[in-house]
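upload-v7.txt (compact mmCIF, C-alpha atoms)
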# COMPACT_ATOMS: atom_id res chain seq x y z
CA MET A 850 0.00 0.00 0.00
CA ALA A 851 1.33 3.46 -0.96
CA VAL A 852 2.06 5.75 1.96
CA PRO A 853 -0.66 8.43 2.32
CA ARG A 854 0.51 11.91 1.34
CA LEU A 855 -0.25 14.61 3.89
CA ALA A 856 -0.23 18.39 3.45
CA ILE A 857 1.21 20.66 6.13
CA THR A 858 -0.18 24.19 5.99
CA MET A 859 2.25 26.78 7.33
CA GLY A 860 -0.29 28.95 9.13
CA ASP A 861 0.79 32.55 9.68
CA PRO A 862 4.28 32.88 8.19
CA ALA A 863 5.15 35.56 10.76
CA GLY A 864 4.78 33.03 13.55
CA ILE A 865 6.66 29.87 14.43
CA GLY A 866 5.06 27.77 11.67
CA PRO A 867 8.06 27.99 9.31
CA GLU A 868 10.49 27.08 12.12
CA ILE A 869 8.63 24.03 13.36
CA ILE A 870 8.14 22.82 9.79
CA ALA A 871 11.86 23.15 9.06
CA LYS A 872 12.74 21.36 12.30
CA ALA A 873 10.17 18.61 11.73
CA GLY A 874 11.40 18.06 8.17
CA ALA A 875 14.97 17.60 9.38
CA ARG A 876 13.95 15.34 12.25
CA LEU A 877 11.71 13.18 10.06
CA ALA A 878 14.32 12.84 7.29
CA PRO A 879 15.06 9.13 7.98
CA ARG A 880 11.35 8.24 7.79
CA LEU A 881 10.88 10.33 4.66
CA GLN A 882 13.86 8.70 2.96
CA ALA A 883 12.64 5.25 3.96
CA GLY A 884 9.28 5.89 2.29
CA GLU A 885 7.34 5.88 5.56
CA LEU A 886 6.09 9.44 5.10
CA SER A 887 5.11 11.76 2.27
CA LEU A 888 4.64 15.43 3.16
CA LEU A 889 3.68 18.47 1.10
CA VAL A 890 4.19 21.82 2.82
CA ILE A 891 1.90 24.65 1.63
CA GLY A 892 2.77 28.19 2.57
CA SER A 893 5.28 30.99 2.13
CA VAL A 894 8.46 29.79 0.44
CA THR A 895 10.25 32.97 1.55
CA ALA A 896 9.37 32.38 5.20
CA LEU A 897 10.46 28.75 5.01
CA ARG A 898 13.80 29.68 3.45
CA ALA A 899 14.42 32.20 6.23
CA ALA A 900 13.67 29.56 8.87
CA GLU A 901 15.96 27.03 7.16
CA ALA A 902 18.78 29.57 7.07
CA LEU A 903 18.27 30.40 10.75
CA LEU A 904 18.26 26.74 11.79
CA ALA A 905 20.80 25.46 9.23
CA THR A 906 18.41 22.71 8.14
CA PRO A 907 18.39 21.26 4.62
CA PRO A 908 16.17 23.23 2.22
CA ILE A 909 12.85 21.61 1.38
CA PRO A 910 12.54 21.41 -2.43
CA GLU A 911 9.93 23.67 -4.02
CA ILE A 912 7.49 22.26 -6.56
CA GLU A 913 4.98 24.12 -8.73
CA ASP A 914 2.44 21.33 -9.12
CA ALA A 915 1.07 19.20 -6.28
CA ALA A 916 1.10 16.20 -8.61
CA GLN A 917 4.89 16.18 -8.69
CA PRO A 918 6.10 13.20 -6.61
CA ALA A 919 8.42 13.99 -3.72
CA PRO A 920 8.74 12.62 -0.18
CA LEU A 921 8.98 16.21 1.11
CA ALA A 922 8.32 19.40 -0.83
CA ILE A 923 6.84 22.90 -0.52
CA LEU A 924 4.13 24.38 -2.72
CA ALA A 925 3.57 28.15 -2.58
CA ALA A 926 0.23 29.09 -1.05
CA GLY A 927 0.02 32.05 -3.44
CA ALA A 928 1.88 35.07 -4.71
CA GLU A 929 3.56 37.02 -1.91
CA ARG A 930 2.58 40.69 -2.12
CA GLU A 931 4.40 42.20 0.86
CA PRO A 932 7.37 41.27 3.05
CA ILE A 933 6.51 39.29 6.18
CA ARG A 934 8.08 40.56 9.39
CA LEU A 935 8.59 37.85 11.98
CA GLY A 936 6.55 38.31 15.11
CA GLN A 937 4.35 41.00 13.58
CA MET A 938 0.69 40.50 12.82
CA SER A 939 -0.37 41.59 9.34
CA ALA A 940 -3.12 41.21 6.81
CA GLU A 941 -0.57 39.62 4.46
CA GLY A 942 0.20 36.93 7.02
CA GLY A 943 -3.51 36.24 7.42
CA ARG A 944 -4.02 36.13 3.65
CA LEU A 945 -1.24 33.61 3.08
CA ALA A 946 -2.50 31.49 5.97
CA TYR A 947 -5.95 31.37 4.41
CA LEU A 948 -4.67 30.60 0.92
CA ALA A 949 -2.65 27.66 2.25
CA ILE A 950 -5.73 26.17 3.91
CA GLU A 951 -7.89 26.77 0.85
CA LYS A 952 -5.36 25.06 -1.41
CA ALA A 953 -4.95 22.11 0.96
CA VAL A 954 -8.71 21.60 1.20
CA ARG A 955 -9.06 21.52 -2.58
CA LEU A 956 -6.24 18.98 -2.82
CA ALA A 957 -7.89 16.83 -0.16
CA GLN A 958 -11.25 17.02 -1.90
CA SER A 959 -9.65 15.84 -5.14
CA SER A 960 -7.83 13.02 -3.27
CA ALA A 961 -4.44 14.49 -4.18
CA ILE A 962 -3.62 14.36 -0.47
CA ALA A 963 -4.96 12.04 2.22
CA GLY A 964 -5.29 14.70 4.90
CA LEU A 965 -3.94 17.97 6.21
CA VAL A 966 -1.94 19.02 9.23
CA THR A 967 -2.14 22.68 10.18
CA ALA A 968 0.45 24.92 11.78
CA PRO A 969 -1.00 27.84 13.77
CA LEU A 970 -2.60 30.95 12.33
CA ASN A 971 -3.53 34.24 13.97
CA LYS A 972 -7.26 34.96 14.13
CA GLU A 973 -6.84 38.73 14.14
CA ALA A 974 -4.54 38.63 11.10
CA LEU A 975 -7.03 36.38 9.34
CA ASN A 976 -9.81 38.89 9.92
CA LEU A 977 -7.56 41.80 8.88
CA ALA A 978 -7.15 40.00 5.56
CA GLY A 979 -10.91 39.93 5.14
CA TYR A 980 -11.64 36.36 6.23
CA ALA A 981 -14.23 36.53 9.01
CA TYR A 982 -13.45 33.29 10.83
CA SER A 983 -12.69 32.62 14.48
CA GLY A 984 -10.04 30.07 13.53
CA HIS A 985 -9.31 26.89 11.61
CA THR A 986 -12.38 24.96 12.73
CA ASP A 987 -15.10 27.19 11.29
CA MET A 988 -12.97 28.01 8.23
CA LEU A 989 -12.58 24.33 7.39
CA ALA A 990 -16.27 23.70 8.00
CA ASP A 991 -17.12 26.50 5.57
CA LEU A 992 -14.63 25.40 2.90
CA THR A 993 -15.77 21.78 3.03
CA GLY A 994 -19.49 22.43 3.49
CA ALA A 995 -19.52 20.57 6.79
CA ARG A 996 -22.66 21.05 8.86
CA ASP A 997 -21.31 21.18 12.36
CA SER A 998 -17.72 20.25 13.16
CA VAL A 999 -16.31 19.40 16.58
CA MET A 1000 -12.89 20.03 18.12
CA MET A 1001 -11.04 17.22 19.88
CA LEU A 1002 -7.74 17.67 21.70
CA ALA A 1003 -5.55 14.64 22.34
CA HIS A 1004 -2.44 14.04 24.39
CA GLY A 1005 -1.71 10.36 23.90
CA ALA A 1006 -4.74 8.46 25.19
CA PHE A 1007 -6.07 11.61 26.93
CA ARG A 1008 -8.75 12.70 24.44
CA VAL A 1009 -11.23 15.56 24.97
CA SER A 1010 -13.99 16.67 22.58
CA HIS A 1011 -15.73 20.01 23.02
CA LEU A 1012 -19.42 20.85 22.93
CA THR A 1013 -18.47 24.51 22.38
CA THR A 1014 -15.17 26.28 21.74
CA HIS A 1015 -14.86 29.92 20.72
CA VAL A 1016 -18.03 31.31 22.27
CA ALA A 1017 -18.55 33.53 25.29
CA LEU A 1018 -18.93 31.62 28.54
CA ALA A 1019 -22.30 33.30 29.08
CA ASP A 1020 -23.56 31.69 25.84
CA VAL A 1021 -22.51 28.13 26.65
CA PRO A 1022 -25.70 27.01 28.51
CA SER A 1023 -27.88 27.84 25.51
CA LYS A 1024 -25.58 25.76 23.28
CA LEU A 1025 -26.12 22.65 25.42
CA THR A 1026 -28.97 21.08 23.47
CA PRO A 1027 -29.82 17.39 23.03
CA ALA A 1028 -29.07 17.59 19.30
CA ARG A 1029 -25.66 19.20 19.76
CA LEU A 1030 -24.64 16.88 22.59
CA ARG A 1031 -25.66 13.81 20.58
CA ARG A 1032 -23.63 14.97 17.59
CA VAL A 1033 -20.52 15.52 19.71
CA ILE A 1034 -20.90 12.10 21.34
CA ASP A 1035 -21.46 10.32 18.03
CA LEU A 1036 -18.53 12.04 16.31
CA THR A 1037 -16.29 11.28 19.29
CA ALA A 1038 -17.32 7.63 19.14
CA ALA A 1039 -16.62 7.53 15.40
CA MET A 1040 -13.14 8.94 15.95
CA LEU A 1041 -12.41 6.39 18.67
CA ARG A 1042 -13.52 3.57 16.37
CA SER A 1043 -11.18 4.91 13.67
CA LEU A 1044 -8.40 4.49 16.24
CA GLY A 1045 -9.32 0.84 16.70
CA ILE A 1046 -11.57 1.14 19.78
CA ALA A 1047 -14.57 -1.02 18.90
CA HIS A 1048 -16.72 -0.16 21.94
CA PRO A 1049 -15.95 3.42 22.99
CA ARG A 1050 -16.41 4.63 26.57
CA ILE A 1051 -17.19 8.33 26.74
CA GLY A 1052 -17.53 10.48 29.86
CA ILE A 1053 -19.66 13.62 29.72
CA ALA A 1054 -18.46 16.54 31.82
CA ALA A 1055 -21.05 18.44 33.81
CA LEU A 1056 -21.68 22.06 32.91
CA ASN A 1057 -22.31 23.17 36.49
CA PRO A 1058 -20.40 22.52 39.74
CA HIS A 1059 -21.31 19.13 41.20
CA ALA A 1060 -23.48 18.48 38.12
CA GLY A 1061 -25.95 21.05 39.41
CA GLU A 1062 -26.18 19.72 42.98
CA GLY A 1063 -29.78 18.63 42.52
CA GLY A 1064 -30.67 21.88 40.74
CA ILE A 1065 -29.17 24.28 43.28
CA PHE A 1066 -26.42 25.31 40.84
CA GLY A 1067 -28.40 25.02 37.61
CA ARG A 1068 -30.59 22.45 35.90
CA GLU A 1069 -28.84 21.95 32.52
CA ASP A 1070 -27.07 18.76 33.64
CA ILE A 1071 -30.32 17.36 35.03
CA ASP A 1072 -32.70 18.44 32.29
CA VAL A 1073 -30.52 18.08 29.19
CA THR A 1074 -27.42 15.95 29.73
CA ALA A 1075 -28.75 13.15 31.93
CA PRO A 1076 -31.78 12.31 29.72
CA LEU A 1077 -29.65 12.36 26.57
CA VAL A 1078 -27.02 10.09 28.16
CA ALA A 1079 -29.78 7.64 29.11
CA THR A 1080 -30.69 7.15 25.44
CA TYR A 1081 -27.36 5.40 24.86
CA GLU A 1082 -28.16 2.58 27.27
CA GLY A 1083 -27.98 -0.75 25.44
CA SER A 1084 -25.95 0.68 22.53
CA ASP A 1085 -22.37 -0.21 21.63
CA ILE A 1086 -21.23 3.14 23.05
CA THR A 1087 -20.85 3.41 26.82
CA VAL A 1088 -21.77 6.99 27.77
CA ILE A 1089 -21.41 8.08 31.39
CA GLY A 1090 -22.50 11.40 32.83
CA PRO A 1091 -22.89 14.09 33.72
CA VAL A 1092 -19.70 13.72 35.75
CA PRO A 1093 -18.50 16.74 37.79
CA GLY A 1094 -15.77 18.65 36.00
CA ASP A 1095 -13.40 18.50 38.97
CA THR A 1096 -13.14 14.69 38.83
CA ILE A 1097 -13.89 13.61 35.27
CA PHE A 1098 -10.40 14.32 33.92
CA VAL A 1099 -8.78 12.39 36.76
CA LYS A 1100 -10.93 9.44 35.69
CA LEU A 1101 -9.94 9.96 32.05
CA ARG A 1102 -6.29 9.91 33.03
CA GLY A 1103 -6.97 6.68 34.92
CA ARG A 1104 -8.42 5.14 31.71
CA SER A 1105 -11.99 4.94 32.99
CA TYR A 1106 -13.00 6.46 29.65
CA ASP A 1107 -11.57 6.52 26.15
CA ALA A 1108 -12.55 10.18 25.77
CA VAL A 1109 -14.40 12.97 27.55
CA VAL A 1110 -16.84 15.53 26.18
CA ALA A 1111 -16.16 18.95 27.72
CA MET A 1112 -18.82 21.62 27.77
CA TYR A 1113 -16.68 24.64 26.93
CA HIS A 1114 -13.26 25.74 25.72
CA ASP A 1115 -11.31 26.16 28.94
CA GLN A 1116 -12.90 23.18 30.68
CA GLY A 1117 -11.41 20.91 28.02
CA HIS A 1118 -8.28 22.79 27.04
CA VAL A 1119 -6.82 23.32 30.52
CA PRO A 1120 -6.33 19.64 31.47
CA VAL A 1121 -4.93 18.69 28.07
CA LYS A 1122 -2.44 21.56 28.05
CA LEU A 1123 -1.52 20.99 31.69
CA LEU A 1124 -0.41 17.49 30.73
CA GLY A 1125 1.10 18.56 27.40
CA PHE A 1126 3.34 21.36 28.64
CA ASP A 1127 6.80 20.25 29.70
CA VAL A 1128 7.93 22.80 32.27
CA ASP A 1129 11.51 23.17 33.48
CA PRO A 1130 11.25 22.91 37.29
CA ALA A 1131 14.39 24.98 37.76
CA THR A 1132 13.34 28.00 35.68
CA GLY A 1133 9.57 27.63 35.46
CA GLU A 1134 9.81 28.01 31.69
CA TRP A 1135 8.10 25.57 29.35
CA LYS A 1136 10.43 23.54 27.19
CA ALA A 1137 8.03 21.73 24.91
CA LEU A 1138 4.35 21.24 24.21
CA SER A 1139 2.85 18.03 22.96
CA GLY A 1140 -0.73 17.41 21.96
CA VAL A 1141 -2.89 17.32 18.86
CA ASN A 1142 -6.01 19.18 17.74
CA ILE A 1143 -8.34 17.03 15.61
CA SER A 1144 -11.38 18.25 13.67
CA LEU A 1145 -14.31 15.85 13.83
CA GLY A 1146 -17.22 15.90 11.41
CA LEU A 1147 -15.30 17.13 8.37
CA PRO A 1148 -15.27 15.15 5.11
CA ILE A 1149 -11.47 15.36 5.16
CA ILE A 1150 -8.83 14.41 7.74
CA ARG A 1151 -7.42 17.38 9.63
CA THR A 1152 -5.12 17.49 12.62
CA SER A 1153 -3.23 20.42 14.06
CA VAL A 1154 -0.64 21.52 16.54
CA ASP A 1155 -1.98 22.36 19.98
CA HIS A 1156 -0.41 25.81 20.29
CA GLY A 1157 -0.56 29.26 18.76
CA THR A 1158 1.64 31.35 16.49
CA ALA A 1159 3.93 32.41 19.37
CA PHE A 1160 4.86 35.70 17.73
CA ASP A 1161 7.00 36.52 20.78
CA ILE A 1162 9.54 33.78 19.99
CA ALA A 1163 9.26 33.69 16.20
CA GLY A 1164 12.67 33.94 14.56
CA LYS A 1165 14.61 32.95 17.66
CA GLY A 1166 15.07 29.32 16.65
CA ILE A 1167 13.67 27.97 19.93
CA ALA A 1168 10.18 26.87 18.81
CA ASN A 1169 9.51 23.20 19.54
CA GLU A 1170 8.29 20.87 16.78
CA GLU A 1171 6.97 18.07 19.01
CA SER A 1172 3.28 18.91 18.62
CA LEU A 1173 3.62 19.14 14.84
CA ILE A 1174 5.20 15.70 14.64
CA GLU A 1175 2.45 14.27 16.85
CA ALA A 1176 -0.15 15.83 14.58
CA ILE A 1177 1.53 14.32 11.52
CA ASP A 1178 1.58 10.86 13.08
CA PHE A 1179 -2.05 11.13 14.18
CA ALA A 1180 -3.16 12.17 10.67
CA LEU A 1181 -1.10 9.35 9.18
CA GLU A 1182 -2.80 6.79 11.41
CA LEU A 1183 -6.25 8.12 10.50
CA ALA A 1184 -5.40 8.11 6.78
CA ARG A 1185 -4.11 4.54 6.91
CA ASN A 1186 -7.17 3.34 8.80
CA ARG A 1187 -9.48 5.08 6.33
CA ALA A 1188 -7.67 3.48 3.38
CA ALA A 1189 -7.71 -0.03 4.94

Same coordinates, now as structure tokens:
Amino acid sequence: MAVPRLAITMGDPAGIGPEIIAKAGARLAPRLQAGELSLLVIGSVTALRAAEALLATPPIPEIEDAAQPAPLAILAAGAEREPIRLGQMSAEGGRLAYLAIEKAVRLAQSSAIAGLVTAPLNKEALNLAGYAYSGHTDMLADLTGARDSVMMLAHGAFRVSHLTTHVALADVPSKLTPARLRRVIDLTAAMLRSLGIAHPRIGIAALNPHAGEGGIFGREDIDVTAPLVATYEGSDITVIGPVPGDTIFVKLRGRSYDAVVAMYHDQGHVPVKLLGFDVDPATGEWKALSGVNISLGLPIIRTSVDHGTAFDIAGKGIANEESLIEAIDFALELARNRAA
């Protein structure tokens, strides 16, 4: 079986995307040469060349047509109109980030690539460029015509899907509907099956403290979550909840579940990033970040790094590529399972 070809979109070229791509390319060279991987970078060639010069990594060959065979190559996202200044937000950076995603989606839809892995973009730069999206998730949903995508974060076997992400906390209770919760559960179960888990176990985090404490702290967990969870009884998906948010992630870490559904952005992101950040105990500085962002409910495979553009360290050569490599491996596993 031919190795699936994956696209890596650079994200905002003023951020750390070019650096982590250059580092990942050098680190993955033995696997690329052995035919275990096939990667197509899409983004700013100028930004990548600057990162390669900074890091003294081998230059990734440029191609002009995605059909050209190569274990590792870069395809320009589009014509570069203005110079990109590292660490500085700009409409040009947002435009190139969008064009890379758009090109990758079209390649995935035509089966020219098996999936895409995204480096981080800047939401403000994206909007400055005229693309009114809150991030990758809604942009990809729009470009692919997906009805309602779901974000999952994963750190090894610690997997967390989100009922809501980039919405105000005050709006979260109104988003907790039976239809939305069922979709998140079903998409989470489908992802777990694609990872080889035949009978998924999914924990549902409570929205309110103590799952509402009998209604004292709110009735959403009692009136919405509990009845919906009960409908899964007797199915091949084990759904447990609502489980108080202060204990459910301890149980996930202890392998009581294969995944958890979090109600809102910070409820799900904090535990994953707490585990994923490697902090130097002597200095208090973080040395590396591992973890993967996976989009569920799209017609294409998409994984991403679990960090932002880090404009403050762009161009310093210290950005860590670990999360990007994890995202590549996760996308590769999904692509192989889909092709099997």

Against region 1026-1042 of chain A, which residues of region 887-1001 of chain A fall within 10 Å? For each one I want the closest pair of atoms and the distance in Å (one decimal), counting only C-alpha atoms, rows by chain and increasing residue number, as CSV.
residue,atom,partner,partner_atom,distance
A:Asp997,CA,A:Arg1032,CA,8.4
A:Ser998,CA,A:Val1033,CA,8.6
A:Val999,CA,A:Val1033,CA,6.5
A:Met1000,CA,A:Val1033,CA,9.0
A:Met1001,CA,A:Thr1037,CA,7.9

If you take all atoms listed in the file and a cut-off of 12 Å, which residues of region 990-1092 of chain A touch region 1158-1182 of chain A, and what are their nearest atom pairs and distances in Å to one decimal, in chain and number order, as CSV?
residue,atom,partner,partner_atom,distance
A:Leu1002,CA,A:Ala1176,CA,10.6
A:Ala1003,CA,A:Ala1176,CA,9.5
A:His1004,CA,A:Glu1175,CA,9.0
A:Gly1005,CA,A:Glu1175,CA,9.1
A:Ala1006,CA,A:Phe1179,CA,11.6
A:Met1040,CA,A:Phe1179,CA,11.4
A:Ser1043,CA,A:Glu1182,CA,8.9
A:Leu1044,CA,A:Glu1182,CA,7.7
A:Gly1045,CA,A:Glu1182,CA,10.3

Considering only C-alpha atoms, can you say which of A:Val894, A:Met1112, A:Val1092, A:Ala916 comes closest to Glu1062 (chain A)?
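The shortest atom-to-atom distance to Glu1062 (chain A) comes from A:Val1092.
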
Of the candidates A:His1048, A:Arg934, A:His1015, A:Arg1008, which one gets nearest to Pro1120 (chain A) if we count only C-alpha atoms?
A:Arg1008

Nearby residues (all atoms listed in the file) at most 9 Å from Pro1058 (chain A), same-chain spacing under 4 positions excluded, as a list in words
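The contact residues come out as Glu1062, Phe1066, Gly1067, Pro1093, Gly1094 and Asp1095 of chain A.
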
Would you write out those residues with C-alpha atoms, as a CSV table (one decimal), in the frame of the given file?
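Result file follows (out-v6.csv):
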chain,number,residue,atom,x,y,z
A,1062,GLU,CA,-26.2,19.7,43.0
A,1066,PHE,CA,-26.4,25.3,40.8
A,1067,GLY,CA,-28.4,25.0,37.6
A,1093,PRO,CA,-18.5,16.7,37.8
A,1094,GLY,CA,-15.8,18.6,36.0
A,1095,ASP,CA,-13.4,18.5,39.0

What is the distance, in Å and to one decimal place, between CA of Gly1146 (chain A) and CA of Phe1098 (chain A)?
23.6 Å

Counting all atoms listed in the file, which of A:Pro1148, A:Pro862, A:Tyr1081, A:Leu1056 gets nearest to Arg1187 (chain A)?
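For Arg1187 (chain A), the nearest of the given residues is A:Pro1148.
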
Need to verify the contact set: Ala1054 (chain A), 12 Å, only C-alpha atoms, exclusion of same-chain residues closer than 6 positions in sequence. Can you return it as a PyMOL selection string?
chain A and resi 1009-1012+1025+1030+1034+1060-1061+1069-1070+1074-1075+1078+1088-1101+1106+1108-1113+1116-1117

Can you work out the spacing between CA of Thr906 (chain A) and CA of Pro879 (chain A) in Å, to one decimal?
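Those two atoms sit 14.0 Å apart.
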
Which residues are close to Glu951 (chain A), i.e. within 9 Å by only C-alpha atoms, leaving aside same-chain residues fewer than 5 positions away? Reply as a PyMOL selection string.
chain A and resi 926+946+956+989+992

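Taking CA of Ala1055 (chain A) as the reference point, CA of Val1021 (chain A) is found at 12.1 Å.
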